[in-house]
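One file, work_36.txt, is given below (compact mmCIF, C-alpha atoms).
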```
# COMPACT_ATOMS: atom_id res chain seq x y z
CA ASN A 18 -11.54 14.55 -20.41
CA MET A 19 -10.14 13.58 -17.04
CA SER A 20 -12.12 11.18 -14.86
CA LYS A 21 -14.06 12.80 -12.01
CA TRP A 22 -13.84 12.10 -8.28
CA GLU A 23 -16.91 10.93 -6.39
CA ILE A 24 -17.64 10.30 -2.72
CA LYS A 25 -20.20 7.53 -2.32
CA SER A 26 -22.45 7.54 0.72
CA GLY A 27 -20.85 5.82 3.69
CA ASN A 28 -17.34 5.78 2.22
CA PRO A 29 -14.54 7.64 4.05
CA TYR A 30 -12.67 8.33 0.79
CA ALA A 31 -12.99 9.99 -2.61
CA GLN A 32 -12.67 7.59 -5.52
CA VAL A 33 -12.03 7.74 -9.24
CA THR A 34 -11.50 5.20 -12.03
CA VAL A 35 -8.90 6.09 -14.67
CA TYR A 36 -9.19 4.81 -18.23
CA SER A 37 -5.73 5.59 -19.64
CA TRP A 38 -2.14 6.33 -18.56
CA GLU A 39 -2.74 9.99 -19.49
CA ASP A 40 -5.83 10.03 -17.25
CA PHE A 41 -3.75 8.64 -14.35
CA LEU A 42 -1.00 11.22 -14.91
CA GLY A 43 -3.57 14.01 -15.05
CA ILE A 44 -5.09 12.97 -11.72
CA LEU A 45 -1.65 12.83 -10.07
CA GLU A 46 -0.57 16.19 -11.49
CA GLU A 47 -3.76 18.02 -10.57
CA TYR A 48 -4.33 16.65 -7.06
CA PHE A 49 -1.15 15.17 -5.61
CA LEU A 50 2.27 15.95 -7.08
CA ASP A 51 2.43 19.54 -5.80
CA TRP A 52 1.66 18.44 -2.22
CA ASN A 53 4.33 16.42 -0.47
CA GLU A 54 2.02 15.51 2.43
CA PHE A 55 0.59 12.48 0.57
CA ILE A 56 1.74 8.90 0.90
CA TYR A 57 0.68 6.12 -1.49
CA ARG A 58 -0.06 2.41 -1.43
CA GLY A 59 -0.85 -0.07 -4.22
CA HIS A 60 -3.36 -2.93 -3.92
CA ARG A 61 -3.65 -5.77 -6.45
CA ASP A 62 -7.41 -5.93 -5.76
CA SER A 63 -9.65 -2.91 -5.17
CA THR A 64 -11.67 -4.83 -2.54
CA TRP A 65 -8.74 -5.09 -0.10
CA ASN A 66 -8.94 -2.98 3.06
CA LEU A 67 -6.18 -0.73 4.38
CA GLN A 68 -5.48 -3.03 7.31
CA SER A 69 -2.20 -4.46 8.62
CA THR A 70 -1.49 -8.20 8.73
CA PHE A 71 -1.41 -8.26 12.56
CA ASP A 72 -4.71 -6.39 12.81
CA ARG A 73 -6.39 -8.70 10.29
CA THR A 74 -5.23 -11.83 12.13
CA TYR A 75 -6.15 -10.37 15.53
CA LYS A 76 -9.64 -9.45 14.34
CA ASN A 77 -10.24 -12.93 12.85
CA VAL A 78 -9.12 -14.69 16.05
CA ILE A 79 -11.22 -12.41 18.28
CA ASN A 80 -14.26 -12.99 16.09
CA GLU A 81 -13.78 -16.76 16.39
CA LEU A 82 -13.24 -16.58 20.16
CA GLY A 83 -16.22 -14.28 20.54
CA LYS A 84 -18.46 -16.83 18.87
CA GLU A 85 -17.26 -19.67 21.07
CA ASN A 86 -16.42 -18.27 24.49
CA SER A 87 -16.74 -14.61 25.35
CA LYS A 88 -15.02 -15.22 28.74
CA ASP A 89 -11.71 -15.67 26.88
CA LEU A 90 -11.73 -12.20 25.36
CA PRO A 91 -10.20 -10.16 28.26
CA LYS A 92 -7.03 -12.29 27.96
CA PHE A 93 -6.62 -11.08 24.40
CA ARG A 94 -6.65 -7.29 24.74
CA TYR A 95 -5.14 -5.68 21.67
CA GLU A 96 -2.21 -3.86 23.31
CA GLU A 97 -1.25 -6.94 25.36
CA CYS A 98 -1.28 -9.21 22.32
CA LEU A 99 0.78 -6.67 20.38
CA LYS A 100 3.41 -6.42 23.13
CA GLN A 101 3.64 -10.20 23.55
CA HIS A 102 4.02 -10.69 19.79
CA LEU A 103 6.86 -8.15 19.56
CA ASP A 104 8.61 -9.60 22.66
CA ASN A 105 8.46 -13.05 21.06
CA PHE A 106 9.99 -11.73 17.83
CA ILE A 107 12.80 -9.91 19.67
CA ASN A 108 13.61 -13.06 21.67
CA ASN A 109 13.50 -15.25 18.57
CA CYS A 110 15.94 -12.92 16.75
CA THR A 111 18.68 -13.55 19.32
CA GLY A 112 21.86 -14.60 17.50
CA LYS A 113 20.36 -14.04 14.04
CA ARG A 114 21.33 -10.41 13.35
CA GLY A 115 25.07 -10.84 12.97
CA ARG A 116 27.76 -9.80 15.42
CA ASN A 117 27.21 -6.80 17.68
CA PRO A 118 23.79 -5.84 16.23
CA ARG A 119 22.75 -2.32 17.07
CA ILE A 120 19.95 -1.70 19.55
CA LEU A 121 16.62 -1.04 17.80
CA THR A 122 13.66 1.06 18.91
CA GLU A 123 10.20 -0.54 19.05
CA SER A 124 9.33 1.00 15.67
CA GLU A 125 12.56 -0.31 14.13
CA TRP A 126 11.85 -3.81 15.43
CA TRP A 127 8.42 -3.70 13.79
CA ALA A 128 9.99 -2.40 10.54
CA LEU A 129 12.55 -5.21 10.59
CA GLY A 130 9.82 -7.79 11.17
CA GLN A 131 7.69 -6.31 8.38
CA HIS A 132 10.60 -6.71 5.97
CA PHE A 133 11.05 -10.38 6.82
CA GLY A 134 7.39 -11.41 6.81
CA LEU A 135 6.35 -10.93 10.46
CA GLU A 136 2.69 -10.07 10.98
CA THR A 137 2.91 -6.49 12.26
CA PRO A 138 0.57 -3.54 12.95
CA LEU A 139 2.42 -1.55 10.27
CA LEU A 140 1.03 -0.79 6.83
CA ASP A 141 3.58 -0.14 4.06
CA TRP A 142 3.32 3.08 2.07
CA THR A 143 5.63 5.03 -0.24
CA LYS A 144 6.25 8.72 -0.93
CA ALA A 145 6.29 7.88 -4.66
CA PRO A 146 2.92 7.38 -6.44
CA PHE A 147 4.48 5.55 -9.39
CA ILE A 148 6.07 2.99 -7.05
CA ALA A 149 2.63 2.46 -5.47
CA ALA A 150 1.19 1.94 -8.97
CA TYR A 151 3.87 -0.65 -9.64
CA PHE A 152 2.91 -2.57 -6.48
CA ALA A 153 -0.74 -2.51 -7.55
CA LEU A 154 0.13 -3.93 -10.98
CA GLU A 155 3.21 -6.16 -10.71
CA ASN A 156 1.46 -9.40 -9.71
CA LYS A 157 -0.06 -10.95 -12.83
CA ASN A 158 -2.85 -12.80 -10.96
CA ILE A 159 -6.08 -11.18 -12.10
CA PRO A 160 -8.10 -9.61 -9.23
CA PRO A 161 -11.72 -10.83 -8.94
CA SER A 162 -12.84 -7.17 -8.95
CA GLN A 163 -11.00 -6.56 -12.29
CA LEU A 164 -9.66 -3.36 -10.68
CA ARG A 165 -6.22 -2.54 -9.25
CA THR A 166 -6.06 0.36 -6.77
CA VAL A 167 -3.63 3.11 -5.79
CA TRP A 168 -4.46 4.71 -2.43
CA ALA A 169 -3.34 8.19 -1.37
CA PHE A 170 -3.51 9.35 2.27
CA SER A 171 -2.84 12.71 3.92
CA GLN A 172 -1.77 12.15 7.52
CA LEU A 173 -1.39 15.92 7.91
CA GLY A 174 -5.00 16.46 6.76
CA GLN A 175 -6.15 13.91 9.33
CA LEU A 176 -4.32 15.77 12.14
CA GLU A 177 -5.84 19.09 11.08
CA ILE A 178 -9.37 17.66 11.31
CA ILE A 179 -8.76 15.85 14.60
CA CYS A 180 -7.29 19.00 16.18
CA ASN A 181 -10.31 21.02 15.00
CA GLN A 182 -12.93 18.54 16.21
CA ASP A 183 -11.36 17.55 19.54
CA GLU A 184 -11.88 19.78 22.57
CA ASN A 185 -8.50 18.56 23.86
CA TYR A 186 -6.67 19.63 20.71
CA ASP A 187 -4.14 21.71 22.66
CA LEU A 188 -2.84 18.55 24.37
CA PRO A 189 0.32 16.86 22.99
CA LEU A 190 -0.44 14.88 19.82
CA ASP A 191 0.69 11.64 21.47
CA THR A 192 -2.35 11.84 23.75
CA LEU A 193 -4.79 12.12 20.82
CA GLU A 194 -5.80 8.98 18.96
CA HIS A 195 -4.65 9.30 15.35
CA ILE A 196 -3.07 7.35 12.51
CA ARG A 197 0.67 7.77 13.04
CA LEU A 198 3.46 7.85 10.48
CA ILE A 199 6.59 5.82 11.18
CA ILE A 200 9.73 6.62 9.21
CA CYS A 201 12.65 4.40 10.18
CA PRO A 202 15.06 3.17 7.51
CA ILE A 203 17.38 0.59 9.01
CA ASP A 204 20.61 -0.95 7.70
CA GLU A 205 19.02 -4.39 7.47
CA ASN A 206 16.30 -3.19 5.06
CA GLU A 207 17.65 -1.96 1.72
CA ARG A 208 14.16 -2.27 0.21
CA LEU A 209 12.77 0.45 2.46
CA LEU A 210 15.27 2.91 1.00
CA ALA A 211 14.73 1.79 -2.61
CA GLN A 212 10.95 2.07 -2.27
CA GLN A 213 10.96 5.42 -0.41
CA GLY A 214 9.10 3.43 2.23
CA ILE A 215 7.13 4.76 5.15
CA PHE A 216 4.63 3.10 7.51
CA THR A 217 1.33 3.93 9.16
CA ILE A 218 0.10 2.48 12.43
CA THR A 219 -3.60 2.79 13.32
CA PRO A 220 -4.94 2.72 16.92
CA ASN A 221 -6.56 -0.40 18.38
CA GLY A 222 -6.57 -2.58 15.29
CA TYR A 223 -8.78 -0.38 13.13
CA SER A 224 -8.37 -0.39 9.38
CA ILE A 225 -7.69 3.11 8.07
CA GLU A 226 -11.19 3.25 6.57
CA GLU A 227 -12.81 2.24 9.89
CA PHE A 228 -10.77 4.77 11.86
CA ILE A 229 -11.72 7.66 9.58
CA LEU A 230 -15.40 6.64 9.56
CA GLU A 231 -15.61 6.35 13.35
CA ARG A 232 -13.10 8.90 14.64
CA VAL A 233 -12.58 11.64 12.03
CA ASP A 234 -15.50 13.90 11.10
CA ILE A 235 -14.55 14.84 7.53
CA VAL A 236 -17.76 16.79 6.81
CA GLY A 237 -16.77 20.28 5.65
CA PHE A 238 -13.15 19.29 5.01
CA SER A 239 -11.30 18.06 1.93
CA PRO A 240 -10.99 14.25 1.83
CA ILE A 241 -7.89 12.81 3.47
CA LEU A 242 -8.09 9.40 1.76
CA TYR A 243 -8.27 8.92 -2.02
CA ARG A 244 -8.72 5.78 -4.09
CA ILE A 245 -7.63 5.57 -7.73
CA ASP A 246 -8.92 2.42 -9.49
CA ILE A 247 -7.11 1.07 -12.56
CA PRO A 248 -9.00 -1.45 -14.75
CA GLU A 249 -7.20 -4.78 -15.22
CA TYR A 250 -6.99 -4.39 -19.02
CA LEU A 251 -4.61 -1.43 -18.55
CA ARG A 252 -2.04 -3.45 -16.60
CA GLY A 253 0.32 -4.08 -19.52
CA VAL A 254 0.19 -0.46 -20.72
CA PHE A 255 0.88 0.95 -17.25
CA LEU A 256 3.76 -1.48 -16.62
CA LYS A 257 5.31 -0.48 -19.95
CA TYR A 258 5.40 3.18 -18.91
CA LEU A 259 6.62 2.35 -15.39
CA GLU A 260 9.40 0.20 -16.81
CA ALA A 261 10.40 3.10 -19.06
CA MET A 262 10.72 5.15 -15.81
CA ASN A 263 13.08 2.45 -14.46
CA ILE A 264 10.45 1.25 -11.99
CA ASN A 265 10.63 -2.55 -12.00
CA SER A 266 11.28 -5.43 -9.61
CA ALA A 267 15.05 -5.12 -9.96
CA THR A 268 15.04 -1.48 -8.77
CA ILE A 269 12.19 -1.77 -6.24
CA PHE A 270 13.60 -4.95 -4.65
CA PRO A 271 17.41 -4.54 -4.75
CA ASP A 272 18.09 -8.18 -3.86
CA LEU A 273 17.92 -11.62 -5.47
CA ILE A 274 14.16 -11.90 -4.89
CA GLY A 275 13.71 -8.69 -6.90
CA THR A 276 16.04 -10.01 -9.58
CA SER A 277 13.94 -13.18 -9.83
CA LEU A 278 10.68 -11.19 -10.09
CA PHE A 279 12.25 -8.97 -12.77
CA THR A 280 13.30 -12.06 -14.74
CA ASN A 281 9.75 -13.44 -14.45
CA ARG A 282 8.44 -10.18 -15.94
CA GLN A 283 10.94 -10.46 -18.81
CA PHE A 284 9.64 -13.99 -19.44
CA GLU A 285 6.03 -12.73 -19.42
CA LYS A 286 6.92 -9.99 -21.94
CA MET A 287 8.79 -12.50 -24.13
CA LEU A 288 5.70 -14.72 -24.31
CA LEU A 289 3.44 -11.75 -25.05
CA LYS A 290 5.81 -10.60 -27.81
CA GLU A 291 5.85 -14.09 -29.33
CA LYS A 292 2.05 -14.21 -29.22
CA PHE A 293 1.82 -10.76 -30.86
CA GLN A 294 4.36 -11.58 -33.60
CA ASN A 295 2.33 -14.62 -34.57
CA SER A 296 -0.91 -12.64 -34.74
CA PRO A 297 -2.55 -11.78 -38.09
CA GLU A 298 -2.36 -8.05 -37.23
CA PHE A 299 1.43 -8.12 -36.87
CA ILE A 300 1.94 -10.21 -40.02
CA MET A 301 -0.31 -7.83 -41.97
CA ARG A 302 1.60 -4.77 -40.71
CA LEU A 303 4.89 -6.45 -41.59
CA GLY A 304 3.57 -7.09 -45.11
CA GLN A 305 2.54 -3.45 -45.51
CA HIS A 306 5.95 -2.32 -44.26
CA GLU A 307 7.70 -4.46 -46.94
CA ILE A 308 5.39 -3.14 -49.69
CA ALA A 309 6.19 0.44 -48.66
CA HIS A 310 9.89 -0.28 -49.11
```
Could I get this structure in the form of structure tokens?
Amino acid sequence: NMSKWEIKSGNPYAQVTVYSWEDFLGILEEYFLDWNEFIYRGHRDSTWNLQSTFDRTYKNVINELGKENSKDLPKFRYEECLKQHLDNFINNCTGKRGRNPRILTESEWWALGQHFGLETPLLDWTKAPFIAAYFALENKNIPPSQLRTVWAFSQLGQLEIICNQDENYDLPLDTLEHIRLIICPIDENERLLAQQGIFTITPNGYSIEEFILERVDIVGFSPILYRIDIPEYLRGVFLKYLEAMNINSATIFPDLIGTSLFTNRQFEKMLLKEKFQNSPEFIMRLGQHEIAH
């Protein structure tokens, strides 16, 4: 009895809630694993938007400025702010990338900044749905919504719809507004390789949901954005299976930060095991086991 997809009015995505690991596997096998066009992203809280850190900050500042002084707004056009921010980062990196650092493209600069905590217009995704599930689940802080979320997005499906709905579809793709994929592993980012990482960049500061709602007419087409919600109470079960697949902080983050996170998870499991072994259920099972022998 696999959970069923639904598309709620006004939402630009199909959504489903899974109620077991088997349910999650069934959804992946039936809808995603045979199609390599999909990319995946994990969110600790189902209420979070698919919006980059730069875009979120930009939007908040513009909203504040708009309330106070609308004359200031032309100075803060999106593309100009983006360019200034990247120029500042490039200048500030001078002398900090070792000897004879190689020249990076604009996309590679953004990817480098993303890795080291810069607010960028990039959104991290992975080609591996189980890695996305791990990102949704690894943080033990309980989300207010009680739901963790794995997102799946088809950039190819988006292009197909845009080309069909736009009278200028025969123009080069670069001239059409669309959510772009950026694939640029760089030597300074081992994590990107370990996580099968890939990025999206959305025009003009839109979240992915906003862009699809306003710019992509999905009526008559298959959805291009899917949301799989995982109830909080399944976190431990899912992590157990993911760890059995060798998906953990030590493999996802091949550095000392990942090692520290992995050790924290071992500590969490040790405490849970201690709690379980002191529970009446465990003691009763142990007693039955001794009687049987």
Under the rule of at most 10 Å, produce a per-residue listing of stretch 69-129 of chain A near stretch 138-161 of chain A: chain, number, name, the closest pair of atoms, and the distance in Å, as CSV, using only C-alpha atoms.
```
residue,atom,partner,partner_atom,distance
A:Ser69,CA,A:Leu140,CA,5.2
A:Thr70,CA,A:Pro138,CA,6.6
A:Phe71,CA,A:Pro138,CA,5.1
A:Asp72,CA,A:Pro138,CA,6.0
A:Arg73,CA,A:Pro138,CA,9.1
A:Tyr75,CA,A:Pro138,CA,9.9
A:Leu99,CA,A:Pro138,CA,8.1
A:Ser124,CA,A:Leu139,CA,9.1
A:Trp127,CA,A:Leu139,CA,7.3
A:Ala128,CA,A:Leu139,CA,7.6
```
If we count all atoms listed in the file and set the cut-off at 10 Å, which residues sit around A:Gln68, ignoring sequence neighbours fewer than 6 positions away in its own chain? Please answer as a PDB file with C-alpha atoms, in the frame of the given file.
```
ATOM      1  CA  PRO A 138       0.570  -3.540  12.950  1.00  0.00           C
ATOM      2  CA  LEU A 139       2.420  -1.550  10.270  1.00  0.00           C
ATOM      3  CA  LEU A 140       1.030  -0.790   6.830  1.00  0.00           C
ATOM      4  CA  THR A 217       1.330   3.930   9.160  1.00  0.00           C
ATOM      5  CA  ILE A 218       0.100   2.480  12.430  1.00  0.00           C
ATOM      6  CA  THR A 219      -3.600   2.790  13.320  1.00  0.00           C
ATOM      7  CA  GLY A 222      -6.570  -2.580  15.290  1.00  0.00           C
ATOM      8  CA  TYR A 223      -8.780  -0.380  13.130  1.00  0.00           C
ATOM      9  CA  SER A 224      -8.370  -0.390   9.380  1.00  0.00           C
ATOM     10  CA  ILE A 225      -7.690   3.110   8.070  1.00  0.00           C
ATOM     11  CA  GLU A 226     -11.190   3.250   6.570  1.00  0.00           C
ATOM     12  CA  GLU A 227     -12.810   2.240   9.890  1.00  0.00           C
TER      13      GLU A 227
END
```
Item to check | Neighbour list for stretch 172-174 of chain A as a list in words, cut-off 8 Å, all atoms listed in the file, skip fewer than 5 positions in-chain | outcome: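 With the cut-off at 8 Å, the set is Glu54, Phe55, Ile196, Arg197, Leu198 and Ile241 of chain A.
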File of the preceding selection, C-alpha atoms, as a PDB file, keeping the file's coordinate frame:
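Full text of again-v8.pdb as output:
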```pdb
ATOM      1  CA  GLU A  54       2.020  15.510   2.430  1.00  0.00           C
ATOM      2  CA  PHE A  55       0.590  12.480   0.570  1.00  0.00           C
ATOM      3  CA  ILE A 196      -3.070   7.350  12.510  1.00  0.00           C
ATOM      4  CA  ARG A 197       0.670   7.770  13.040  1.00  0.00           C
ATOM      5  CA  LEU A 198       3.460   7.850  10.480  1.00  0.00           C
ATOM      6  CA  ILE A 241      -7.890  12.810   3.470  1.00  0.00           C
TER       7      ILE A 241
END
```
Item to check | One-decimal distance in Å that lies between atom CA of A:Ile269 and atom CA of A:Leu251 | outcome: 20.8 Å
Next on the checklist: Which residues are close to A:Glu39, i.e. within 12 Å by all atoms listed in the file, leaving aside same-chain residues fewer than 6 positions away? Reply as a ChimeraX atom specification.
Outcome noted: /A:18-20,45-46,251,254-255,258
Next on the checklist: Restricting the calculation to all atoms listed in the file: of A:Gln182, A:Leu288, A:Glu231, A:Asp246, which residue gets closest to A:Phe41?
Outcome noted: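 Answer, going by the shortest atom-to-atom distance: A:Asp246.
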Checklist entry - Of the residues A:Ser63, A:Asn117, A:Asn28, A:Gln163, which is the one nearest to A:Arg252, using all atoms listed in the file? => result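 Between A:Ser63, A:Asn117, A:Asn28, A:Gln163, the residue approaching A:Arg252 most closely is A:Gln163.
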Next on the checklist: So that I can check the surroundings of stretch 30-32 of chain A, please list as a PyMOL selection string every protein, DNA and RNA residue that reaches within 7 Å of it, counting all atoms listed in the file and ignoring chain neighbours fewer than 2 positions away.
Outcome noted: chain A and resi 22-24+28+240+242-245
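Each of A:Cys180, A:Val167, A:Leu103, A:Leu289 was compared to A:Tyr57 using all atoms listed in the file, and A:Val167 turns out to be the nearest.
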Checklist entry - What is the atom CA of A:Arg58-atom CA of A:Ala169 distance in Å, reported with one decimal? => result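 Rounded to one decimal, the two atoms are 6.6 Å apart.
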Item to check | Atom pair atom CA of A:Arg165 / atom CA of A:Tyr48: separation (Å) | outcome: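 The value is 19.4 Å.
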